[in-house]
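File shown: start.txt (compact mmCIF, C-alpha atoms and all ligand atoms).
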# COMPACT_ATOMS: atom_id res chain seq x y z
CA MET A 1 -135.94 19.99 156.98
CA GLY A 2 -136.87 20.70 153.36
CA MET A 3 -134.64 23.69 152.72
CA THR A 4 -131.29 22.12 153.49
CA GLN A 5 -129.23 19.60 151.60
CA ALA A 6 -127.44 18.61 154.80
CA SER A 7 -125.89 15.17 154.65
CA THR A 8 -126.57 14.59 158.35
CA LYS A 9 -129.56 14.77 160.62
CA THR A 10 -129.96 18.30 161.93
CA LEU A 11 -129.90 19.01 165.66
CA SER A 12 -132.37 21.19 167.50
CA VAL A 13 -131.04 24.59 168.60
CA GLN A 14 -130.91 23.29 172.17
CA GLU A 15 -128.96 20.17 171.14
CA ALA A 16 -126.61 22.24 169.00
CA ILE A 17 -125.83 24.60 171.88
CA GLU A 18 -125.47 21.80 174.42
CA THR A 19 -123.13 19.72 172.27
CA ARG A 20 -120.99 22.55 170.85
CA ARG A 21 -117.62 22.66 172.48
CA SER A 22 -114.23 23.68 171.21
CA ILE A 23 -112.76 20.87 169.15
CA ARG A 24 -109.07 20.95 168.25
CA GLN A 25 -108.58 17.58 166.50
CA PHE A 26 -110.61 16.81 163.42
CA GLU A 27 -111.28 13.96 161.01
CA GLN A 28 -109.25 14.46 157.87
CA ALA A 29 -111.93 13.99 155.17
CA PRO A 30 -112.73 17.13 153.15
CA LEU A 31 -115.89 19.00 154.12
CA ASP A 32 -119.10 18.37 152.23
CA GLN A 33 -119.21 21.55 150.17
CA GLY A 34 -123.00 21.70 150.23
CA ASP A 35 -123.03 21.59 154.02
CA LEU A 36 -120.31 24.24 154.14
CA ARG A 37 -122.36 26.58 151.96
CA GLU A 38 -125.47 25.93 154.03
CA ILE A 39 -123.60 26.75 157.25
CA LEU A 40 -122.35 30.02 155.73
CA ARG A 41 -125.84 30.87 154.48
CA LEU A 42 -127.33 30.28 157.93
CA ALA A 43 -124.63 32.42 159.58
CA GLY A 44 -125.46 35.18 157.12
CA LEU A 45 -129.00 35.24 158.51
CA ALA A 46 -127.64 36.78 161.74
CA PRO A 47 -129.12 40.16 162.61
CA SER A 48 -127.10 43.38 162.60
CA ALA A 49 -127.80 47.03 163.31
CA TRP A 50 -129.36 48.67 160.25
CA ASN A 51 -128.96 45.28 158.59
CA ALA A 52 -125.38 46.32 157.85
CA GLN A 53 -124.21 42.68 157.58
CA THR A 54 -120.61 43.65 158.20
CA TRP A 55 -119.33 40.05 158.25
CA ARG A 56 -117.35 38.50 155.42
CA PHE A 57 -116.08 34.92 155.16
CA ALA A 58 -112.76 33.73 153.77
CA VAL A 59 -112.89 29.94 153.50
CA VAL A 60 -109.46 28.36 153.49
CA GLN A 61 -109.23 24.72 152.43
CA SER A 62 -105.90 24.66 150.60
CA PRO A 63 -103.38 22.74 152.75
CA GLU A 64 -100.60 25.21 151.85
CA LEU A 65 -102.58 28.24 152.97
CA ARG A 66 -103.78 26.46 156.10
CA ALA A 67 -100.16 25.74 156.98
CA GLN A 68 -99.37 29.44 156.59
CA LEU A 69 -102.40 30.37 158.69
CA GLN A 70 -101.20 27.99 161.37
CA GLU A 71 -97.88 29.79 161.45
CA ALA A 72 -99.73 33.12 161.83
CA ALA A 73 -101.69 31.51 164.69
CA TYR A 74 -98.59 30.80 166.77
CA GLY A 75 -98.49 27.22 165.46
CA GLN A 76 -101.83 26.19 167.00
CA PRO A 77 -102.34 22.68 165.54
CA GLN A 78 -106.14 22.83 165.11
CA VAL A 79 -105.63 25.12 162.11
CA THR A 80 -104.16 22.32 160.00
CA SER A 81 -106.04 19.50 161.71
CA ALA A 82 -109.36 20.88 160.42
CA PRO A 83 -110.19 20.35 156.72
CA ALA A 84 -111.25 23.99 156.49
CA VAL A 85 -110.74 27.26 158.32
CA ILE A 86 -113.32 30.00 158.06
CA VAL A 87 -111.75 33.40 158.58
CA LEU A 88 -114.57 35.65 159.73
CA TYR A 89 -113.77 39.30 159.16
CA SER A 90 -115.45 42.62 158.55
CA ASP A 91 -114.63 45.37 156.09
CA MET A 92 -116.55 48.45 157.17
CA GLU A 93 -115.19 50.59 154.35
CA GLU A 94 -116.69 48.19 151.83
CA VAL A 95 -119.92 48.12 153.84
CA LEU A 96 -120.12 51.92 153.65
CA ALA A 97 -119.35 52.01 149.94
CA THR A 98 -122.11 49.48 149.22
CA ALA A 99 -124.69 50.57 151.82
CA ARG A 100 -127.48 50.57 149.23
CA GLU A 101 -127.23 46.79 148.88
CA THR A 102 -128.38 46.33 152.47
CA ALA A 103 -131.59 48.34 152.11
CA HIS A 104 -134.62 46.09 151.81
CA PRO A 105 -135.66 45.88 148.15
CA GLY A 106 -139.25 46.44 149.21
CA MET A 107 -138.27 49.98 150.16
CA GLY A 108 -137.31 50.84 146.59
CA GLU A 109 -134.96 53.59 145.44
CA GLU A 110 -136.01 55.81 148.32
CA GLY A 111 -135.04 53.13 150.82
CA ALA A 112 -131.65 52.64 149.19
CA ALA A 113 -130.95 56.38 149.30
CA GLN A 114 -132.14 56.51 152.91
CA GLN A 115 -129.84 53.64 153.87
CA GLU A 116 -126.88 55.42 152.32
CA GLN A 117 -127.76 58.60 154.21
CA THR A 118 -128.21 56.73 157.50
CA PHE A 119 -124.77 55.15 157.16
CA GLN A 120 -123.17 58.48 156.28
CA ASN A 121 -124.80 60.14 159.28
CA ALA A 122 -123.80 57.37 161.67
CA PHE A 123 -120.28 56.63 160.46
CA GLY A 124 -119.11 59.48 158.23
CA ALA A 125 -117.58 61.45 161.10
CA MET A 126 -116.02 58.43 162.82
CA SER A 127 -112.43 57.40 162.28
CA VAL A 128 -111.78 54.29 160.20
CA GLU A 129 -110.67 52.57 163.42
CA GLN A 130 -113.84 53.50 165.32
CA ARG A 131 -116.17 52.21 162.67
CA ALA A 132 -114.04 49.09 162.18
CA ALA A 133 -114.62 48.31 165.87
CA TRP A 134 -118.36 48.75 165.36
CA ALA A 135 -118.27 46.42 162.35
CA ASN A 136 -116.36 43.85 164.36
CA ALA A 137 -119.04 43.84 167.06
CA GLN A 138 -121.69 43.07 164.42
CA ALA A 139 -119.50 40.35 162.91
CA ASN A 140 -119.33 38.62 166.27
CA ILE A 141 -123.07 38.02 166.12
CA ALA A 142 -122.49 36.05 162.92
CA LEU A 143 -119.66 34.18 164.65
CA GLY A 144 -122.14 32.85 167.22
CA TYR A 145 -124.55 31.86 164.48
CA LEU A 146 -121.75 30.21 162.52
CA MET A 147 -120.72 27.95 165.41
CA ILE A 148 -124.28 26.91 166.22
CA ALA A 149 -125.23 26.40 162.58
CA ALA A 150 -122.15 24.20 162.10
CA ARG A 151 -122.98 22.10 165.15
CA GLY A 152 -126.62 21.89 164.09
CA LEU A 153 -125.51 20.23 160.85
CA GLY A 154 -123.16 17.85 162.69
CA TYR A 155 -119.89 19.78 162.45
CA ASP A 156 -117.49 21.08 165.07
CA THR A 157 -115.45 24.25 165.40
CA VAL A 158 -113.09 26.15 167.64
CA PRO A 159 -113.19 29.94 167.68
CA MET A 160 -109.72 31.48 167.73
CA LEU A 161 -108.33 34.92 168.47
CA GLY A 162 -104.80 33.70 168.99
CA PHE A 163 -103.20 34.87 165.73
CA GLN A 164 -101.34 37.83 164.31
CA PRO A 165 -103.92 39.88 162.39
CA ASP A 166 -101.38 41.59 160.12
CA LYS A 167 -100.05 38.24 158.97
CA VAL A 168 -103.53 36.82 158.33
CA ARG A 169 -104.54 39.97 156.41
CA GLU A 170 -101.42 39.65 154.30
CA LEU A 171 -102.01 35.93 153.56
CA LEU A 172 -105.58 36.58 152.44
CA GLY A 173 -104.98 39.90 150.69
CA LEU A 174 -107.30 41.79 153.04
CA PRO A 175 -107.03 45.58 153.46
CA ALA A 176 -105.37 46.99 156.59
CA HIS A 177 -108.70 48.26 157.99
CA ALA A 178 -110.31 44.77 157.85
CA GLN A 179 -111.07 43.44 161.33
CA ILE A 180 -110.71 39.71 161.82
CA ALA A 181 -113.32 38.53 164.33
CA ALA A 182 -112.00 34.98 164.50
CA LEU A 183 -110.37 32.10 162.76
CA LEU A 184 -112.76 29.16 162.88
CA PRO A 185 -111.36 25.73 162.09
CA ILE A 186 -114.31 23.51 161.14
CA GLY A 187 -114.74 19.79 160.56
CA ARG A 188 -115.94 16.67 162.30
CA ARG A 189 -114.65 15.99 165.79
CA ALA A 190 -111.91 13.41 166.31
CA HIS A 191 -111.96 13.84 170.09
CA GLU A 192 -114.62 14.79 172.58
CA GLY A 193 -113.20 18.09 173.82
CA PHE A 194 -113.85 19.35 177.32
CA PRO A 195 -117.24 19.45 179.05
CA HIS A 196 -118.70 22.90 179.66
CA HIS A 197 -117.50 24.84 182.66
CA ARG A 198 -119.71 27.89 183.06
CA HIS A 199 -121.07 30.35 185.57
CA SER A 200 -124.50 29.43 186.86
CA THR A 201 -127.39 31.49 185.56
CA ASP A 202 -127.84 33.02 189.01
CA ARG A 203 -124.20 34.12 189.13
CA ILE A 204 -124.56 36.21 185.97
CA THR A 205 -128.18 37.31 186.09
CA LYS A 206 -130.19 39.95 187.94
CA PHE A 207 -133.94 39.77 187.65
CA TYR A 208 -135.78 43.08 188.06
C1 LIG B 301 -113.25 34.90 170.80
C2 LIG B 301 -112.61 33.57 171.18
C3 LIG B 301 -111.27 33.37 170.97
C4 LIG B 301 -110.66 32.14 171.28
N1 LIG B 301 -109.36 31.92 170.93
C5 LIG B 301 -108.85 30.65 171.07
C6 LIG B 301 -107.57 30.33 170.55
O1 LIG B 301 -106.85 31.17 169.97
N2 LIG B 301 -107.11 29.07 170.71
C7 LIG B 301 -107.86 28.09 171.31
O2 LIG B 301 -107.38 26.96 171.41
N3 LIG B 301 -109.10 28.37 171.80
C8 LIG B 301 -109.61 29.62 171.67
N4 LIG B 301 -110.90 29.88 172.13
C9 LIG B 301 -111.72 28.79 172.70
C10 LIG B 301 -112.05 29.01 174.18
O3 LIG B 301 -110.95 28.66 174.96
C11 LIG B 301 -113.30 28.18 174.52
O4 LIG B 301 -114.37 28.59 173.73
C12 LIG B 301 -113.70 28.31 175.99
O5 LIG B 301 -112.69 27.82 176.82
C13 LIG B 301 -114.99 27.55 176.28
O6 LIG B 301 -114.88 26.20 175.92
P1 LIG B 301 -115.87 25.51 174.88
O7 LIG B 301 -115.76 26.30 173.58
O8 LIG B 301 -115.37 24.11 174.70
O9 LIG B 301 -117.25 25.57 175.44
C14 LIG B 301 -111.46 31.12 171.86
C15 LIG B 301 -112.82 31.37 172.11
C16 LIG B 301 -113.40 32.56 171.75
C17 LIG B 301 -114.89 32.75 171.96
Here is the file; what I need is its structure written in the form of structure tokens.
Ligand SMILES: Cc1cc2nc3c(=O)[nH]c(=O)nc-3n(C[C@H](O)[C@H](O)[C@H](O)COP(=O)(O)O)c2cc1C
Amino acid sequence: MGMTQASTKTLSVQEAIETRRSIRQFEQAPLDQGDLREILRLAGLAPSAWNAQTWRFAVVQSPELRAQLQEAAYGQPQVTSAPAVIVLYSDMEEVLATARETAHPGMGEEGAAQQEQTFQNAFGAMSVEQRAAWANAQANIALGYLMIAARGLGYDTVPMLGFQPDKVRELLGLPAHAQIAALLPIGRRAHEGFPHHRHSTDRITKFY
């Protein structure tokens, strides 16, 4: 694969999607830090409206902090079973303050100014809560990428919304307006999880 330093064979996108399932018991070995960085880099390639890239990652590997996160997640055991937990959040106020960074460098100073203006026009009149919800929707695109990228490199995850956001924000020192899209325990599977149970394509699709 040339570009990656992955320590395992990479899966095709189809294999990654087929074999991803929520895993709640993990092998205890620490994560390969190169693989972890590659997974985060790949997730960061997710698309977002105006290239806003609202997602931010807080990677928790310290056992003490994972234990505290587990408490904030109603004691769900996968939080401490996994060698790492990626807290995927968005901070739209920081995104707005640094809008210029997301303009394509090829567009020069004019592009950076334009990006700033676009963001002001789109979000300036919204409440902090409204634009935080918008940022969270963009962050969820990266969440999908993150899970598939992890599986593609041989890792397993479980997305989690079962936690108290205020407590997690406090543990990580995040501002009150930060939206947490998910906690994502990540590691190598120590059980097989459950097979997929999904609607058929016909049940959820209309062809026009
Ligand atoms: C946004 C989101 C939040 C979830 N929250 C939890 C959670 O708090 N705890 C948990 O054990 N599973 C959680 N899940 C996992 C789902 O139960 C699981 O993805 C679903 O049942 C489909 O199973 P699969 O992931 O194995 O395909 C969550 C999934 C998503 C997408």
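As for CA of His196 (chain A) and atom O9 of ligand LIG 301 (chain B), they are spaced 5.2 Å apart.
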Two-atom distance - CA of Asp156 (chain A), CA of Arg20 (chain A) (Å):
6.9 Å
Selection as a short mmCIF file (atom, residue, chain, number, x, y, z; two decimals) with C-alpha atoms, in the frame of the given file: residues within 9 Å of ligand LIG 301 (chain B) by all atoms listed in the file:
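Saved file out.cif follows:
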data_model
loop_
_atom_site.label_atom_id
_atom_site.label_comp_id
_atom_site.auth_asym_id
_atom_site.auth_seq_id
_atom_site.Cartn_x
_atom_site.Cartn_y
_atom_site.Cartn_z
CA THR A 19 -123.13 19.72 172.27
CA ARG A 20 -120.99 22.55 170.85
CA ARG A 21 -117.62 22.66 172.48
CA SER A 22 -114.23 23.68 171.21
CA ILE A 23 -112.76 20.87 169.15
CA ARG A 24 -109.07 20.95 168.25
CA ALA A 73 -101.69 31.51 164.69
CA TYR A 74 -98.59 30.80 166.77
CA GLN A 76 -101.83 26.19 167.00
CA PRO A 77 -102.34 22.68 165.54
CA GLN A 78 -106.14 22.83 165.11
CA ASN A 140 -119.33 38.62 166.27
CA LEU A 143 -119.66 34.18 164.65
CA GLY A 144 -122.14 32.85 167.22
CA THR A 157 -115.45 24.25 165.40
CA VAL A 158 -113.09 26.15 167.64
CA PRO A 159 -113.19 29.94 167.68
CA MET A 160 -109.72 31.48 167.73
CA LEU A 161 -108.33 34.92 168.47
CA GLY A 162 -104.80 33.70 168.99
CA PHE A 163 -103.20 34.87 165.73
CA ALA A 181 -113.32 38.53 164.33
CA ALA A 182 -112.00 34.98 164.50
CA LEU A 183 -110.37 32.10 162.76
CA GLY A 193 -113.20 18.09 173.82
CA PHE A 194 -113.85 19.35 177.32
CA PRO A 195 -117.24 19.45 179.05
CA HIS A 196 -118.70 22.90 179.66
CA HIS A 197 -117.50 24.84 182.66
CA ARG A 198 -119.71 27.89 183.06
#
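Distances here use all atoms listed in the file; by that measure, the residue among A:Ala178, A:Ala52, A:Ile17, A:Ala190 closest to Thr102 (chain A) is A:Ala52.
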Could you list, with a cut-off of 12 Å and counting all atoms listed in the file, the residues of region 23-91 of chain A near region 133-139 of chain A, each shown with its nearest atom pair and the distance in Å rounded to one decimal, rows sorted by chain and ascending number, as CSV?
residue,atom,partner,partner_atom,distance
A:Ala43,CA,A:Ala139,CA,10.0
A:Gly44,CA,A:Ala139,CA,9.8
A:Leu45,CA,A:Ala139,CA,11.6
A:Ala46,CA,A:Ala139,CA,9.0
A:Pro47,CA,A:Gln138,CA,8.2
A:Ser48,CA,A:Gln138,CA,5.7
A:Ala49,CA,A:Gln138,CA,7.4
A:Trp50,CA,A:Gln138,CA,10.4
A:Asn51,CA,A:Gln138,CA,9.6
A:Ala52,CA,A:Gln138,CA,8.2
A:Gln53,CA,A:Gln138,CA,7.3
A:Thr54,CA,A:Ala135,CA,5.5
A:Trp55,CA,A:Ala139,CA,4.7
A:Arg56,CA,A:Ala139,CA,8.0
A:Phe57,CA,A:Ala139,CA,10.1
A:Val87,CA,A:Ala139,CA,11.3
A:Leu88,CA,A:Ala139,CA,7.5
A:Tyr89,CA,A:Ala139,CA,6.9
A:Ser90,CA,A:Asn136,CA,6.0
A:Asp91,CA,A:Ala135,CA,7.3
Counting all atoms listed in the file, what is within 9 Å of Val85 (chain A), bar same-chain residues fewer than 5 positions away, as an mmCIF file with C-alpha atoms, keeping the file's coordinate frame?
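Final output, saved to selection10.cif:
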data_model
loop_
_atom_site.group_PDB
_atom_site.id
_atom_site.type_symbol
_atom_site.label_atom_id
_atom_site.label_comp_id
_atom_site.auth_asym_id
_atom_site.auth_seq_id
_atom_site.Cartn_x
_atom_site.Cartn_y
_atom_site.Cartn_z
ATOM 1 C CA ALA A 58 -112.760 33.730 153.770
ATOM 2 C CA VAL A 59 -112.890 29.940 153.500
ATOM 3 C CA VAL A 60 -109.460 28.360 153.490
ATOM 4 C CA GLN A 61 -109.230 24.720 152.430
ATOM 5 C CA ARG A 66 -103.780 26.460 156.100
ATOM 6 C CA LEU A 69 -102.400 30.370 158.690
ATOM 7 C CA VAL A 79 -105.630 25.120 162.110
ATOM 8 C CA THR A 80 -104.160 22.320 160.000
ATOM 9 C CA LEU A 183 -110.370 32.100 162.760
ATOM 10 C CA LEU A 184 -112.760 29.160 162.880
ATOM 11 C CA PRO A 185 -111.360 25.730 162.090
ATOM 12 C CA ILE A 186 -114.310 23.510 161.140
ATOM 13 C CA GLY A 187 -114.740 19.790 160.560
#
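Counting from CA of Ala82 (chain A), the distance to CA of Arg188 (chain A) is 8.0 Å.
Minimum distance to Arg169 (chain A) across A:Gln68, A:Leu11, A:His191, A:Gly75 (counting only C-alpha atoms) occurs at A:Gln68.
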Counting all atoms listed in the file, closest pick from A:Thr98, A:Val128, A:Gly152, A:Arg203 relative to Asp35 (chain A) is A:Gly152
Contacts of Ala112 (chain A) within 6 Å, only C-alpha atoms, excl. fewer than 2 positions in-chain, as an MDAnalysis selection string:
chainID A and resid 100 103 109:110 114:115
Pick from A:Met147, A:Val95, A:Ile180, A:Leu31 nearest to Pro83 (chain A), counting all atoms listed in the file
A:Leu31
Given all atoms listed in the file as the basis, pick out the residue of A:Arg41, A:Ala113, A:Leu65, A:Asn121 nearest to Ala149 (chain A).
A:Arg41
Counting only C-alpha atoms, the residue among A:Gln25, A:Ile141, A:Glu116, A:Thr10 that lies closest to Glu38 (chain A) is A:Thr10
Within-6 Å shell of (-126.7, 16.0, 161.0) in input frame, all atoms listed in the file, as a list in words:
Thr8, Lys9, Thr10, Leu153 and Gly154 of chain A
Can you write out the residues you just picked, keeping C-alpha atoms, as a short mmCIF file (atom, residue, chain, number, x, y, z; two decimals), keeping the file's coordinate frame?
data_model
loop_
_atom_site.label_atom_id
_atom_site.label_comp_id
_atom_site.auth_asym_id
_atom_site.auth_seq_id
_atom_site.Cartn_x
_atom_site.Cartn_y
_atom_site.Cartn_z
CA THR A 8 -126.57 14.59 158.35
CA LYS A 9 -129.56 14.77 160.62
CA THR A 10 -129.96 18.30 161.93
CA LEU A 153 -125.51 20.23 160.85
CA GLY A 154 -123.16 17.85 162.69
#
